[in-house]
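The file query_24.cif contains mmCIF, C-alpha atoms:
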```
data_run
#
loop_
_atom_site.label_atom_id
_atom_site.label_comp_id
_atom_site.auth_asym_id
_atom_site.auth_seq_id
_atom_site.Cartn_x
_atom_site.Cartn_y
_atom_site.Cartn_z
CA MET K 1 100.02 84.25 67.97
CA SER K 2 100.00 86.33 71.12
CA SER K 3 101.60 89.75 71.10
CA LEU K 4 104.17 88.70 73.73
CA ASP K 5 105.26 85.69 71.69
CA ALA K 6 105.56 87.84 68.58
CA ALA K 7 107.79 90.37 70.35
CA LEU K 8 109.98 87.57 71.75
CA SER K 9 110.47 85.86 68.41
CA ARG K 10 111.59 89.19 66.95
CA ALA K 11 114.21 89.37 69.71
CA LEU K 12 115.42 85.91 68.73
CA ASN K 13 116.21 87.13 65.23
CA THR K 14 119.11 89.07 66.73
CA PRO K 15 122.33 87.08 66.17
CA GLY K 16 123.67 85.58 69.38
CA ILE K 17 120.42 85.62 71.36
CA SER K 18 119.44 81.97 71.56
CA GLY K 19 116.53 82.19 73.97
CA ALA K 20 114.28 84.70 75.69
CA ALA K 21 111.44 84.56 78.20
CA VAL K 22 109.16 87.03 79.98
CA LEU K 23 108.58 86.19 83.62
CA ASP K 24 106.81 87.69 86.59
CA ALA K 25 109.49 89.06 88.89
CA VAL K 26 107.59 88.04 92.04
CA THR K 27 105.80 84.79 91.25
CA GLY K 28 108.22 83.47 88.62
CA LEU K 29 105.31 82.73 86.30
CA SER K 30 106.46 82.51 82.70
CA TYR K 31 104.22 84.60 80.44
CA ALA K 32 105.99 83.81 77.17
CA GLU K 33 108.99 81.75 76.11
CA SER K 34 110.98 81.37 72.94
CA GLY K 35 114.13 79.34 72.19
CA ASP K 36 116.46 78.08 74.93
CA VAL K 37 114.97 79.25 78.24
CA SER K 38 116.30 76.54 80.56
CA ALA K 39 117.92 79.08 82.88
CA SER K 40 115.05 81.58 83.11
CA GLN K 41 113.55 80.19 86.32
CA ASP K 42 116.95 80.37 88.05
CA SER K 43 117.52 83.87 86.73
CA CYS K 44 114.24 84.89 88.32
CA GLU K 45 115.33 83.57 91.72
CA ILE K 46 118.71 85.26 91.43
CA ALA K 47 117.04 88.57 90.56
CA GLU K 48 114.74 88.32 93.58
CA ILE K 49 117.69 87.72 95.92
CA VAL K 50 119.67 90.58 94.40
CA ARG K 51 116.69 92.95 94.60
CA THR K 52 115.93 92.19 98.25
CA ARG K 53 119.53 92.21 99.45
CA LEU K 54 120.43 95.40 97.63
CA VAL K 55 117.65 97.27 99.41
CA ARG K 56 118.62 95.70 102.73
CA ALA K 57 122.20 96.83 102.18
CA GLY K 58 120.94 100.37 101.73
CA ALA K 59 121.27 100.70 97.95
CA GLU K 60 119.03 103.32 96.42
CA GLY K 61 116.98 103.00 93.25
CA GLU K 62 115.47 100.06 91.46
CA LEU K 63 117.25 97.00 90.13
CA GLU K 64 117.77 97.25 86.37
CA SER K 65 119.59 94.15 85.27
CA VAL K 66 121.49 91.10 86.44
CA ILE K 67 124.08 89.49 84.16
CA VAL K 68 125.53 86.09 84.98
CA THR K 69 128.45 85.10 82.76
CA THR K 70 129.65 81.55 82.19
CA SER K 71 132.51 80.45 79.92
CA THR K 72 130.12 80.07 76.97
CA ARG K 73 127.23 82.45 77.52
CA HIS K 74 125.71 85.40 79.33
CA LEU K 75 122.41 85.03 81.16
CA VAL K 76 120.93 88.50 80.91
CA THR K 77 117.98 89.46 83.14
CA ILE K 78 116.43 92.87 82.55
CA GLN K 79 113.79 94.13 84.93
CA LEU K 80 110.90 95.84 83.17
CA PRO K 81 109.22 98.34 85.49
CA ARG K 82 105.46 98.67 85.12
CA GLN K 83 102.49 99.51 87.26
CA GLY K 84 102.29 96.65 89.73
CA ASP K 85 104.81 93.87 90.09
CA PRO K 86 107.69 94.22 87.60
CA LEU K 87 108.43 91.75 84.81
CA LEU K 88 111.73 90.16 83.93
CA LEU K 89 113.07 89.69 80.43
CA CYS K 90 115.52 86.78 80.64
CA ALA K 91 117.74 86.08 77.64
CA THR K 92 120.49 83.60 76.85
CA VAL K 93 123.32 85.24 74.90
CA ASP K 94 126.06 83.20 73.19
CA ARG K 95 129.45 84.73 74.00
CA ASP K 96 131.18 83.77 70.76
CA ARG K 97 128.42 85.07 68.50
CA THR K 98 127.90 88.55 69.88
CA ASN K 99 129.13 90.90 72.55
CA LEU K 100 127.28 91.91 75.68
CA THR K 101 126.89 95.59 74.86
CA TRP K 102 125.24 94.89 71.53
CA ALA K 103 122.93 92.25 73.02
CA LEU K 104 121.90 94.59 75.84
CA ARG K 105 121.13 97.36 73.38
CA GLU K 106 118.98 95.05 71.26
CA LEU K 107 117.17 93.56 74.25
CA GLY K 108 116.40 97.02 75.59
CA ARG K 109 114.81 97.86 72.26
CA TYR K 110 112.56 94.78 72.36
CA ALA K 111 111.73 95.32 76.02
CA ASP K 112 110.03 98.58 75.12
CA GLU K 113 107.86 96.88 72.49
CA LEU K 114 106.88 94.03 74.77
CA LEU K 115 104.09 95.60 76.78
CA ALA K 116 102.87 98.03 74.12
CA MET H 1 74.03 72.15 79.98
CA THR H 2 76.20 70.62 77.30
CA ALA H 3 75.39 71.13 73.67
CA GLY H 4 73.53 68.20 72.19
CA SER H 5 75.81 67.73 69.19
CA GLU H 6 78.87 66.96 71.31
CA GLU H 7 79.62 63.60 72.82
CA PRO H 8 78.80 63.41 76.51
CA LEU H 9 81.60 63.76 79.04
CA ALA H 10 82.42 60.79 81.17
CA ASP H 11 82.11 61.40 84.88
CA SER H 12 85.30 63.03 86.07
CA ARG H 13 86.75 62.42 89.49
CA ASN H 14 88.06 65.94 89.93
CA ILE H 15 88.55 69.22 88.14
CA PRO H 16 91.95 68.33 86.58
CA ALA H 17 90.45 65.13 85.13
CA LEU H 18 87.52 67.15 83.78
CA LEU H 19 89.85 69.71 82.18
CA ALA H 20 91.91 66.92 80.62
CA ALA H 21 88.72 65.40 79.14
CA LEU H 22 87.67 68.80 77.77
CA ARG H 23 91.14 69.17 76.27
CA THR H 24 90.90 65.81 74.50
CA GLN H 25 87.52 66.76 73.01
CA ARG H 26 88.69 70.33 72.23
CA ARG H 27 85.51 71.67 73.77
CA SER H 28 84.51 75.29 74.31
CA CYS H 29 82.54 75.68 77.50
CA THR H 30 82.42 77.24 80.93
CA VAL H 31 82.76 75.09 84.04
CA LEU H 32 80.87 76.45 87.03
CA VAL H 33 82.48 75.26 90.26
CA THR H 34 80.54 75.47 93.51
CA GLY H 35 82.26 75.39 96.86
CA THR H 36 84.34 77.71 98.99
CA PRO H 37 85.52 79.82 97.20
CA GLY H 38 84.08 78.32 94.00
CA GLY H 39 84.37 80.04 90.64
CA SER H 40 84.15 79.54 86.92
CA ILE H 41 86.64 78.12 84.43
CA HIS H 42 86.42 79.27 80.82
CA VAL H 43 87.62 76.74 78.24
CA ARG H 44 88.01 77.52 74.53
CA ASP H 45 88.98 74.72 72.09
CA GLY H 46 90.08 72.61 75.01
CA LEU H 47 92.46 75.24 76.38
CA VAL H 48 91.83 77.19 79.57
CA VAL H 49 91.69 80.92 78.78
CA ALA H 50 90.28 82.43 81.98
CA MET H 51 89.26 81.58 85.53
CA GLU H 52 87.29 83.65 87.95
CA THR H 53 86.95 83.07 91.66
CA PRO H 54 86.10 85.23 94.66
CA GLY H 55 89.31 83.82 96.19
CA ALA H 56 91.66 85.92 94.06
CA PRO H 57 91.46 89.26 92.20
CA GLY H 58 90.31 88.89 88.61
CA ILE H 59 91.39 90.89 85.58
CA GLU H 60 88.86 93.60 86.36
CA GLY H 61 90.07 93.92 89.94
CA LEU H 62 93.72 94.02 88.85
CA LEU H 63 93.02 96.71 86.25
CA LEU H 64 90.90 98.90 88.51
CA ARG H 65 92.43 98.49 91.98
CA SER H 66 95.95 99.05 90.74
CA GLY H 67 94.79 102.29 89.11
CA ARG H 68 95.73 101.22 85.57
CA ILE H 69 92.35 102.31 84.29
CA GLY H 70 89.65 104.41 85.94
CA GLU H 71 86.11 103.42 86.85
CA GLN H 72 84.65 105.71 84.20
CA GLU H 73 86.72 104.32 81.34
CA TRP H 74 85.87 100.81 82.46
CA SER H 75 82.14 101.59 82.55
CA ALA H 76 82.36 103.08 79.07
CA VAL H 77 84.08 99.95 77.72
CA ARG H 78 81.48 97.69 79.32
CA ALA H 79 78.64 99.82 77.97
CA SER H 80 80.03 99.74 74.44
CA ASP H 81 80.09 95.93 74.37
CA THR H 82 77.04 94.63 76.18
CA SER H 83 77.68 91.02 75.15
CA HIS H 84 81.12 91.25 76.84
CA GLU H 85 82.67 89.20 74.05
CA HIS H 86 85.10 91.82 72.81
CA LEU H 87 86.04 93.58 76.03
CA ALA H 88 89.75 92.82 75.63
CA ALA H 89 89.88 94.15 72.06
CA GLU H 90 87.92 97.23 73.12
CA LEU H 91 90.33 97.96 75.99
CA VAL H 92 93.34 97.74 73.67
CA ASP H 93 91.71 99.65 70.80
CA ARG H 94 90.87 102.53 73.09
CA GLY H 95 94.49 102.65 74.18
CA LEU H 96 93.58 102.10 77.83
CA VAL H 97 96.04 99.23 78.22
CA GLY H 98 98.73 97.77 75.96
CA ALA H 99 98.11 94.44 74.22
CA GLY H 100 101.14 92.83 75.86
CA GLU H 101 100.25 94.33 79.23
CA LEU H 102 96.69 92.98 79.05
CA GLU H 103 98.04 89.58 78.09
CA VAL H 104 100.30 89.59 81.14
CA ILE H 105 97.41 90.58 83.41
CA SER H 106 95.09 88.01 81.83
CA LEU H 107 97.57 85.14 82.26
CA GLY H 108 98.52 86.29 85.75
CA ALA H 109 94.87 86.34 86.86
CA LEU H 110 94.26 82.93 85.29
CA PHE H 111 97.10 81.19 87.14
CA ASP H 112 96.31 83.05 90.34
CA ALA H 113 92.66 81.94 90.26
CA ALA H 114 93.78 78.36 89.57
CA PHE H 115 96.03 78.55 92.63
CA ALA H 116 93.20 79.98 94.77
CA LEU H 117 90.76 77.30 93.59
CA SER H 118 93.28 74.55 94.32
CA LEU H 119 93.39 75.51 98.02
CA ALA H 120 89.93 74.04 98.68
CA VAL H 121 88.11 70.92 97.54
CA PRO H 122 85.14 71.91 95.33
CA ASP H 123 81.64 70.71 96.24
CA SER H 124 80.45 70.10 92.71
CA TRP H 125 80.76 71.45 89.17
CA GLU H 126 78.66 71.83 86.08
CA VAL H 127 79.71 72.18 82.45
CA THR H 128 77.71 74.87 80.66
CA ASP H 129 77.78 76.68 77.33
CA PRO H 130 80.60 79.20 76.92
CA VAL H 131 79.98 82.38 78.91
CA PRO H 132 81.59 85.51 77.41
CA THR H 133 84.39 86.82 79.56
CA LEU H 134 87.33 89.20 79.46
CA TYR H 135 90.57 87.47 78.47
CA ARG H 136 93.50 87.97 76.14
CA ASN H 137 95.77 84.97 75.79
CA ALA H 138 96.18 82.00 73.50
CA GLY H 139 94.99 79.53 76.15
CA VAL H 140 96.83 77.26 78.56
CA THR H 141 96.90 73.46 78.54
CA PRO H 142 95.55 71.76 81.69
CA GLU H 143 99.00 70.15 82.21
CA ARG H 144 100.76 73.53 82.32
CA LEU H 145 98.09 74.86 84.68
CA LEU H 146 98.55 71.93 87.05
CA GLY H 147 102.33 72.11 86.83
CA GLU H 148 102.34 75.80 87.78
CA VAL H 149 99.85 75.29 90.62
CA SER H 150 101.93 72.51 92.15
CA ARG H 151 105.08 74.62 91.76
CA ARG H 152 103.33 77.38 93.70
CA ILE H 153 102.13 75.04 96.44
CA ASN H 154 105.61 73.56 96.76
CA LEU H 155 107.16 77.03 97.05
CA LEU H 156 104.92 77.83 100.02
CA ALA H 157 104.92 74.34 101.52
CA GLY H 158 107.75 75.09 103.96
CA GLU H 159 105.32 76.94 106.16
CA PRO H 160 104.16 75.62 109.51
CA GLY H 161 100.59 74.66 108.70
CA SER H 162 99.17 74.10 105.27
CA VAL H 163 99.22 76.58 102.39
CA ALA H 164 95.43 76.88 102.67
CA ALA H 165 95.77 77.83 106.34
CA LEU H 166 98.30 80.54 105.45
CA ALA H 167 95.80 81.95 102.94
CA ARG H 168 93.12 82.18 105.65
CA THR H 169 95.28 83.66 108.38
CA ARG H 170 94.71 87.25 109.39
CA MET H 171 98.07 88.98 109.55
CA ARG H 172 99.18 91.91 111.65
CA GLN H 173 102.39 93.83 111.98
CA ALA H 174 104.71 92.55 114.66
CA THR H 175 106.11 95.06 117.12
CA THR H 176 109.56 94.56 115.59
CA ALA H 177 108.31 96.41 112.51
CA ASP H 178 108.27 99.60 114.58
CA LEU H 179 112.03 99.49 115.20
CA PRO H 180 113.75 102.35 113.38
CA GLY H 181 115.36 101.42 110.08
CA THR H 182 113.53 98.14 109.70
CA VAL H 183 110.85 99.17 107.24
CA ASP H 184 113.22 101.45 105.29
CA ARG H 185 115.35 98.44 104.42
CA LEU H 186 112.46 96.63 102.75
CA PRO H 187 111.61 96.86 99.04
CA PRO H 188 108.58 99.14 98.43
CA ARG H 189 106.53 96.06 97.53
CA HIS H 190 107.06 94.54 100.96
CA GLN H 191 106.39 97.88 102.64
CA ASP H 192 102.97 98.03 100.99
CA VAL H 193 102.07 94.52 102.12
CA LEU H 194 103.28 95.32 105.64
CA ALA H 195 101.15 98.45 105.75
CA ALA H 196 98.11 96.51 104.54
CA ALA H 197 98.50 93.81 107.22
CA ASP H 198 96.24 95.32 109.88
CA GLY H 199 95.15 92.21 111.76
CA ARG H 200 91.79 92.06 110.00
CA ARG H 201 92.90 91.20 106.48
CA THR H 202 93.81 87.77 105.22
CA ALA H 203 96.24 87.30 102.32
CA ARG H 204 93.25 87.35 99.98
CA ASP H 205 92.01 90.64 101.40
CA ILE H 206 95.45 92.22 101.04
CA ALA H 207 95.61 91.02 97.42
CA PHE H 208 92.25 92.64 96.67
CA ALA H 209 93.19 95.83 98.50
CA LEU H 210 96.48 96.26 96.63
CA GLY H 211 95.26 94.94 93.27
CA ARG H 212 97.95 92.22 93.21
CA GLY H 213 97.82 88.45 92.85
CA LEU H 214 97.02 86.21 95.82
CA PHE H 215 100.13 84.08 95.33
CA ALA H 216 102.41 87.13 95.02
CA VAL H 217 101.01 88.52 98.28
CA MET H 218 101.40 85.15 100.02
CA LEU H 219 105.05 84.98 98.91
CA ASP H 220 105.63 88.47 100.32
CA LEU H 221 103.79 87.58 103.54
CA ARG H 222 105.94 84.49 103.97
CA HIS H 223 109.05 86.61 103.51
CA LEU H 224 107.77 89.06 106.14
CA LEU H 225 106.84 86.16 108.45
CA ASN H 226 110.33 84.70 108.12
CA ARG H 227 111.82 88.06 109.05
CA GLY H 228 109.44 88.32 112.00
CA LEU H 229 107.80 91.51 110.75
CA VAL H 230 104.25 90.16 110.63
CA ARG H 231 102.58 87.52 112.74
CA PRO H 232 99.26 85.74 112.72
CA TYR H 233 96.62 87.71 114.53
CA ALA H 234 95.26 85.67 117.46
CA PRO H 235 91.77 86.85 118.37
CA SER H 236 91.38 87.74 122.03
CA THR H 237 88.22 85.64 122.29
CA ASP H 238 90.52 82.63 122.69
CA ARG H 239 91.33 83.83 126.20
CA ARG H 240 87.79 84.02 127.49
CA PRO H 241 87.19 82.18 130.78
CA SER H 242 86.26 78.54 130.61
CA THR H 243 82.56 77.80 130.87
CA ALA H 244 83.13 74.22 132.03
CA ALA H 245 81.36 73.22 135.27
CA ARG H 246 83.60 73.42 138.31
CA ILE H 247 84.05 70.45 140.56
CA ALA H 248 85.46 70.69 144.04
CA PRO H 249 89.05 69.37 143.90
CA SER H 250 89.12 67.95 147.44
CA ALA H 251 87.15 64.80 146.67
CA ALA H 252 88.90 64.18 143.37
CA ALA H 253 92.33 63.08 144.51
CA PRO H 254 92.63 61.53 147.96
CA SER H 255 96.18 61.36 149.30
CA PRO H 256 97.74 57.86 149.34
CA GLY H 257 97.88 57.64 153.11
CA ALA H 258 94.31 58.62 153.73
CA PRO H 259 91.72 55.88 154.30
CA ALA H 260 89.63 55.09 151.27
CA PRO H 261 86.16 56.56 151.35
CA VAL H 262 83.62 54.02 152.63
CA ALA H 263 81.03 54.70 149.98
CA PRO H 264 82.38 56.68 147.01
CA SER H 265 79.62 58.63 145.43
CA ALA H 266 78.98 58.66 141.71
CA LEU H 267 80.37 62.21 141.51
CA ASP H 268 83.76 61.08 142.84
CA SER H 269 84.23 58.38 140.25
CA VAL H 270 83.35 60.79 137.49
CA SER H 271 85.76 63.45 138.69
CA LEU H 272 88.56 60.87 139.06
CA SER H 273 88.20 59.74 135.48
CA LEU H 274 88.12 63.27 134.07
CA PRO H 275 91.38 64.63 132.64
CA ARG H 276 92.90 67.17 134.94
CA ARG H 277 94.47 70.43 133.89
CA LEU H 278 98.11 70.72 134.89
CA PRO H 279 99.64 74.14 135.51
CA GLY H 280 101.92 75.27 132.73
CA ARG H 281 100.40 73.06 130.08
CA ASN H 282 98.29 74.66 127.37
CA SER H 283 98.58 77.94 129.19
CA ALA H 284 99.21 79.95 126.02
CA PRO H 285 96.48 79.42 123.47
CA THR H 286 97.92 78.42 120.13
CA PRO H 287 96.99 80.87 117.38
CA ARG H 288 94.19 79.48 115.32
CA PRO H 289 94.73 79.76 111.56
CA HIS H 290 91.11 80.66 110.88
CA ASP H 291 89.22 83.70 112.17
#
```

Can you turn what I pasted into structure tokens?
Amino acid sequence: MSSLDAALSRALNTPGISGAAVLDAVTGLSYAESGDVSASQDSCEIAEIVRTRLVRAGAEGELESVIVTTSTRHLVTIQLPRQGDPLLLCATVDRDRTNLTWALRELGRYADELLA
Amino acid sequence: MTAGSEEPLADSRNIPALLAALRTQRRSCTVLVTGTPGGSIHVRDGLVVAMETPGAPGIEGLLLRSGRIGEQEWSAVRASDTSHEHLAAELVDRGLVGAGELEVISLGALFDAAFALSLAVPDSWEVTDPVPTLYRNAGVTPERLLGEVSRRINLLAGEPGSVAALARTRMRQATTADLPGTVDRLPPRHQDVLAAADGRRTARDIAFALGRGLFAVMLDLRHLLNRGLVRPYAPSTDRRPSTAARIAPSAAAPSPGAPAPVAPSALDSVSLSLPRRLPGRNSAPTPRPHD
């Protein structure tokens, strides 16, 4: 099992996180997937639009995360800075099984392990 | 050449068919592709683990050009493993690059090379014994490879001209990029690509110079093209004077009222049948996608 897949499946053990994927922020290439990742490609496009338009609007600093909330779930996209093009950690979080703060804290923990 | 113990491969029509056949037989081999750009495809147990082509930066180029590891460390790793079979493990063990990071780079280079190879029709290919190479991933099925390549081609297909032409075009900064405040409002990634577009580099050259993937650079170039910040570089040799033989215009088109020439010479009939250049048409040479 690849090291990326192993790190993702650990993230899926967190209650409420039903899917996670690691994508290239520029090309949208999916490096690893686990669980329900149907929305990850869309999350990647949304993140690209947000990133470009924020800079155009004069915002300073790098994009950190995009959270899209529907009536049943949160689609959390965390940008992982690295040398070269950044990566995106996209996760599907069930709203009735966990809260956003907890999920973000857990995902941040796994994000650090991902590229080690 | 193929190993004698394995069943022979049926003739494949194209590379995807060949990869599918290798997948069915779970073969481990290296496919050498000749053509422009050409390259090699490394298959292990029927799954594609690495691809190398001069058309896109490989793992080595991505690691070195981006400054992730230095030349000296890289030479030391290569010297310690002369068979080049355990380069990936050596890189991770020495702490030069993280296991997950190397996996990301390995997969990124694989899909990028597949995209670069798909832009041209190969001349021929040959299946050989496995050649040791640097990779760190579990392998990709030929279907996934094809699916991703067609997704990439579709993403760029909105361009005027083919995707392959966009890859060959030399790009230069447009004068609008000099306007104050324009470049500042671009993400740093786009600023780097803009700075690298000097009129001599193609998308491939920019990718090699920055240590990024070919497809990623082409996406950024398309974005810059759409915003009018770069444009294809049209070589000035297109405007050189015509070397076609000149023919006196007076004999070519007699006015309707004038009496017809008694004995039209052979030259007249030739010049009448030749297409004539009309002012205003074709005055601006269209930028050629290549050179």

Counting only C-alpha atoms, collect the residues of chain K whose closest atom lies at most 7 Å from chain H, and write them out as a compact mmCIF listing (two decimals) with C-alpha atoms, in the coordinates of the input.
```txt
# COMPACT_ATOMS: atom_id res chain seq x y z
CA SER K 2 100.00 86.33 71.12
CA SER K 3 101.60 89.75 71.10
CA LEU K 4 104.17 88.70 73.73
CA VAL K 26 107.59 88.04 92.04
CA THR K 27 105.80 84.79 91.25
CA TYR K 31 104.22 84.60 80.44
CA THR K 52 115.93 92.19 98.25
CA VAL K 55 117.65 97.27 99.41
CA ARG K 56 118.62 95.70 102.73
CA GLY K 58 120.94 100.37 101.73
CA GLY K 84 102.29 96.65 89.73
CA LEU K 114 106.88 94.03 74.77
CA LEU K 115 104.09 95.60 76.78
CA ALA K 116 102.87 98.03 74.12
```

Identify, on the basis of only C-alpha atoms, every residue whose closest approach to Leu63 of chain K does not exceed 10 Å; exclude the query and any residue fewer than 3 positions from it along the same chain; express the result as a list in words.
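Final neighbour list, sorted by chain and number: Ala47, Glu48, Val50, Arg51, Thr52, Leu54, Val55, Ala59, Glu60, Val66, Ile78, Gln79, Leu80 and Pro81 of chain K.
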
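Closest to Ile49 of chain K among K:Leu104, K:Gly19, K:Ala25, K:Val76 is K:Ala25, based on all atoms listed in the file.
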
Which residues would end up in the selection if the PyMOL selection byres ((chain H and resi 50) around 12) were applied here, given that I need the answer as a PyMOL selection string?
chain H and resi 28-31+39-44+47-49+51-53+58-59+103+105-114+130-142+145

Same residues, C-alpha atoms, saved as a CSV table (one decimal), in the coordinates of the input:
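Result file out07.csv:
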```csv
chain,number,residue,atom,x,y,z
H,28,SER,CA,84.5,75.3,74.3
H,29,CYS,CA,82.5,75.7,77.5
H,30,THR,CA,82.4,77.2,80.9
H,31,VAL,CA,82.8,75.1,84.0
H,39,GLY,CA,84.4,80.0,90.6
H,40,SER,CA,84.2,79.5,86.9
H,41,ILE,CA,86.6,78.1,84.4
H,42,HIS,CA,86.4,79.3,80.8
H,43,VAL,CA,87.6,76.7,78.2
H,44,ARG,CA,88.0,77.5,74.5
H,47,LEU,CA,92.5,75.2,76.4
H,48,VAL,CA,91.8,77.2,79.6
H,49,VAL,CA,91.7,80.9,78.8
H,51,MET,CA,89.3,81.6,85.5
H,52,GLU,CA,87.3,83.6,88.0
H,53,THR,CA,87.0,83.1,91.7
H,58,GLY,CA,90.3,88.9,88.6
H,59,ILE,CA,91.4,90.9,85.6
H,103,GLU,CA,98.0,89.6,78.1
H,105,ILE,CA,97.4,90.6,83.4
H,106,SER,CA,95.1,88.0,81.8
H,107,LEU,CA,97.6,85.1,82.3
H,108,GLY,CA,98.5,86.3,85.8
H,109,ALA,CA,94.9,86.3,86.9
H,110,LEU,CA,94.3,82.9,85.3
H,111,PHE,CA,97.1,81.2,87.1
H,112,ASP,CA,96.3,83.0,90.3
H,113,ALA,CA,92.7,81.9,90.3
H,114,ALA,CA,93.8,78.4,89.6
H,130,PRO,CA,80.6,79.2,76.9
H,131,VAL,CA,80.0,82.4,78.9
H,132,PRO,CA,81.6,85.5,77.4
H,133,THR,CA,84.4,86.8,79.6
H,134,LEU,CA,87.3,89.2,79.5
H,135,TYR,CA,90.6,87.5,78.5
H,136,ARG,CA,93.5,88.0,76.1
H,137,ASN,CA,95.8,85.0,75.8
H,138,ALA,CA,96.2,82.0,73.5
H,139,GLY,CA,95.0,79.5,76.2
H,140,VAL,CA,96.8,77.3,78.6
H,141,THR,CA,96.9,73.5,78.5
H,142,PRO,CA,95.6,71.8,81.7
H,145,LEU,CA,98.1,74.9,84.7
```

Applying the PyMOL selection byres ((chain H and resi 233) around 8) to the file I just gave you, which residues come out? Please list them as a PDB file with C-alpha atoms, in the frame of the given file.
```
ATOM      1  CA  THR H 169      95.280  83.660 108.380  1.00  0.00           C
ATOM      2  CA  ARG H 170      94.710  87.250 109.390  1.00  0.00           C
ATOM      3  CA  MET H 171      98.070  88.980 109.550  1.00  0.00           C
ATOM      4  CA  ARG H 172      99.180  91.910 111.650  1.00  0.00           C
ATOM      5  CA  GLY H 199      95.150  92.210 111.760  1.00  0.00           C
ATOM      6  CA  ARG H 200      91.790  92.060 110.000  1.00  0.00           C
ATOM      7  CA  ARG H 231     102.580  87.520 112.740  1.00  0.00           C
ATOM      8  CA  PRO H 232      99.260  85.740 112.720  1.00  0.00           C
ATOM      9  CA  ALA H 234      95.260  85.670 117.460  1.00  0.00           C
ATOM     10  CA  PRO H 235      91.770  86.850 118.370  1.00  0.00           C
ATOM     11  CA  PRO H 287      96.990  80.870 117.380  1.00  0.00           C
TER      12      PRO H 287
END
```

Residues near Leu100 of chain K, cut-off 12 Å, all atoms listed in the file, skip fewer than 3 positions along chain, as a PyMOL selection string
chain K and resi 15-17+67-69+73-76+91-97+103-107

Hits from the PyMOL selection byres ((chain H and resi 177) around 10), listed as a list in words:
Gln173, Ala174, Thr175, Thr176, Asp178, Leu179, Pro180, Gly181, Thr182, Val183, Leu194, Leu224, Arg227, Gly228, Leu229 and Val230 of chain H

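Of note, atom CA of Gly38 of chain H and atom CA of Pro122 of chain H are spaced 6.6 Å apart.
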
For atom CA of Gly108 of chain K and atom CA of Ser9 of chain K, the interatomic separation in Å (one decimal):
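Between atom CA of Gly108 of chain K and atom CA of Ser9 of chain K the gap works out to 14.5 Å.
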
Centre, edges in Å (one decimal): axis-aligned box, segment 71-88 of chain H, 8 Å padding on all six sides, as JSON:
```
{"center_x": 83.4, "center_y": 97.5, "center_z": 79.8, "size_x": 28.7, "size_y": 32.5, "size_z": 30.0}
```

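Coordinates place atom CA of Asn14 of chain H at a distance of 14.0 Å from atom CA of Glu143 of chain H.
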
Counting all atoms listed in the file, figure out which residue out of K:Ser71, K:Gln83, K:Thr77, K:Asn99 gets nearest to Ala21 of chain K.
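Using all atoms listed in the file, the shortest distance to Ala21 of chain K belongs to K:Thr77.
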
Using all atoms listed in the file: which of H:Arg13, H:His86, H:Arg94, H:Arg26 has the shortest distance to Val121 of chain H:
H:Arg13

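Remark: for Leu29 of chain K, the closest of the candidate residues H:Val149, H:Val77, H:Ala120, H:Leu64 is H:Val149 (distances computed over all atoms listed in the file).
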
Please reconstruct the missing atoms of segment 23-33 of chain K (target: N, CA and C atoms) and return them as a PDB file, keeping the file's coordinate frame.
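As a result, out29.pdb now contains:
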```
ATOM      1  N   LEU K  23     109.046  86.794  82.383  1.00  0.00           N
ATOM      2  CA  LEU K  23     108.580  86.190  83.620  1.00  0.00           C
ATOM      3  C   LEU K  23     108.065  87.251  84.573  1.00  0.00           C
ATOM      4  N   ASP K  24     107.239  86.816  85.507  1.00  0.00           N
ATOM      5  CA  ASP K  24     106.810  87.690  86.590  1.00  0.00           C
ATOM      6  C   ASP K  24     107.947  87.735  87.615  1.00  0.00           C
ATOM      7  N   ALA K  25     108.346  88.936  88.005  1.00  0.00           N
ATOM      8  CA  ALA K  25     109.490  89.060  88.890  1.00  0.00           C
ATOM      9  C   ALA K  25     109.193  88.532  90.292  1.00  0.00           C
ATOM     10  N   VAL K  26     107.932  88.481  90.685  1.00  0.00           N
ATOM     11  CA  VAL K  26     107.590  88.040  92.040  1.00  0.00           C
ATOM     12  C   VAL K  26     107.220  86.558  92.059  1.00  0.00           C
ATOM     13  N   THR K  27     106.291  86.169  91.204  1.00  0.00           N
ATOM     14  CA  THR K  27     105.800  84.790  91.250  1.00  0.00           C
ATOM     15  C   THR K  27     106.635  83.842  90.416  1.00  0.00           C
ATOM     16  N   GLY K  28     107.438  84.348  89.481  1.00  0.00           N
ATOM     17  CA  GLY K  28     108.220  83.470  88.620  1.00  0.00           C
ATOM     18  C   GLY K  28     107.406  82.845  87.513  1.00  0.00           C
ATOM     19  N   LEU K  29     106.157  83.274  87.363  1.00  0.00           N
ATOM     20  CA  LEU K  29     105.310  82.730  86.300  1.00  0.00           C
ATOM     21  C   LEU K  29     105.850  83.162  84.942  1.00  0.00           C
ATOM     22  N   SER K  30     105.954  82.203  84.029  1.00  0.00           N
ATOM     23  CA  SER K  30     106.460  82.510  82.700  1.00  0.00           C
ATOM     24  C   SER K  30     105.306  82.891  81.792  1.00  0.00           C
ATOM     25  N   TYR K  31     105.313  84.122  81.285  1.00  0.00           N
ATOM     26  CA  TYR K  31     104.220  84.600  80.440  1.00  0.00           C
ATOM     27  C   TYR K  31     104.446  84.220  78.980  1.00  0.00           C
ATOM     28  N   ALA K  32     105.694  84.173  78.558  1.00  0.00           N
ATOM     29  CA  ALA K  32     105.990  83.810  77.170  1.00  0.00           C
ATOM     30  C   ALA K  32     107.419  83.300  77.117  1.00  0.00           C
ATOM     31  N   GLU K  33     107.653  82.338  76.231  1.00  0.00           N
ATOM     32  CA  GLU K  33     108.990  81.750  76.110  1.00  0.00           C
ATOM     33  C   GLU K  33     109.296  81.544  74.643  1.00  0.00           C
TER      34      GLU K  33
END
```
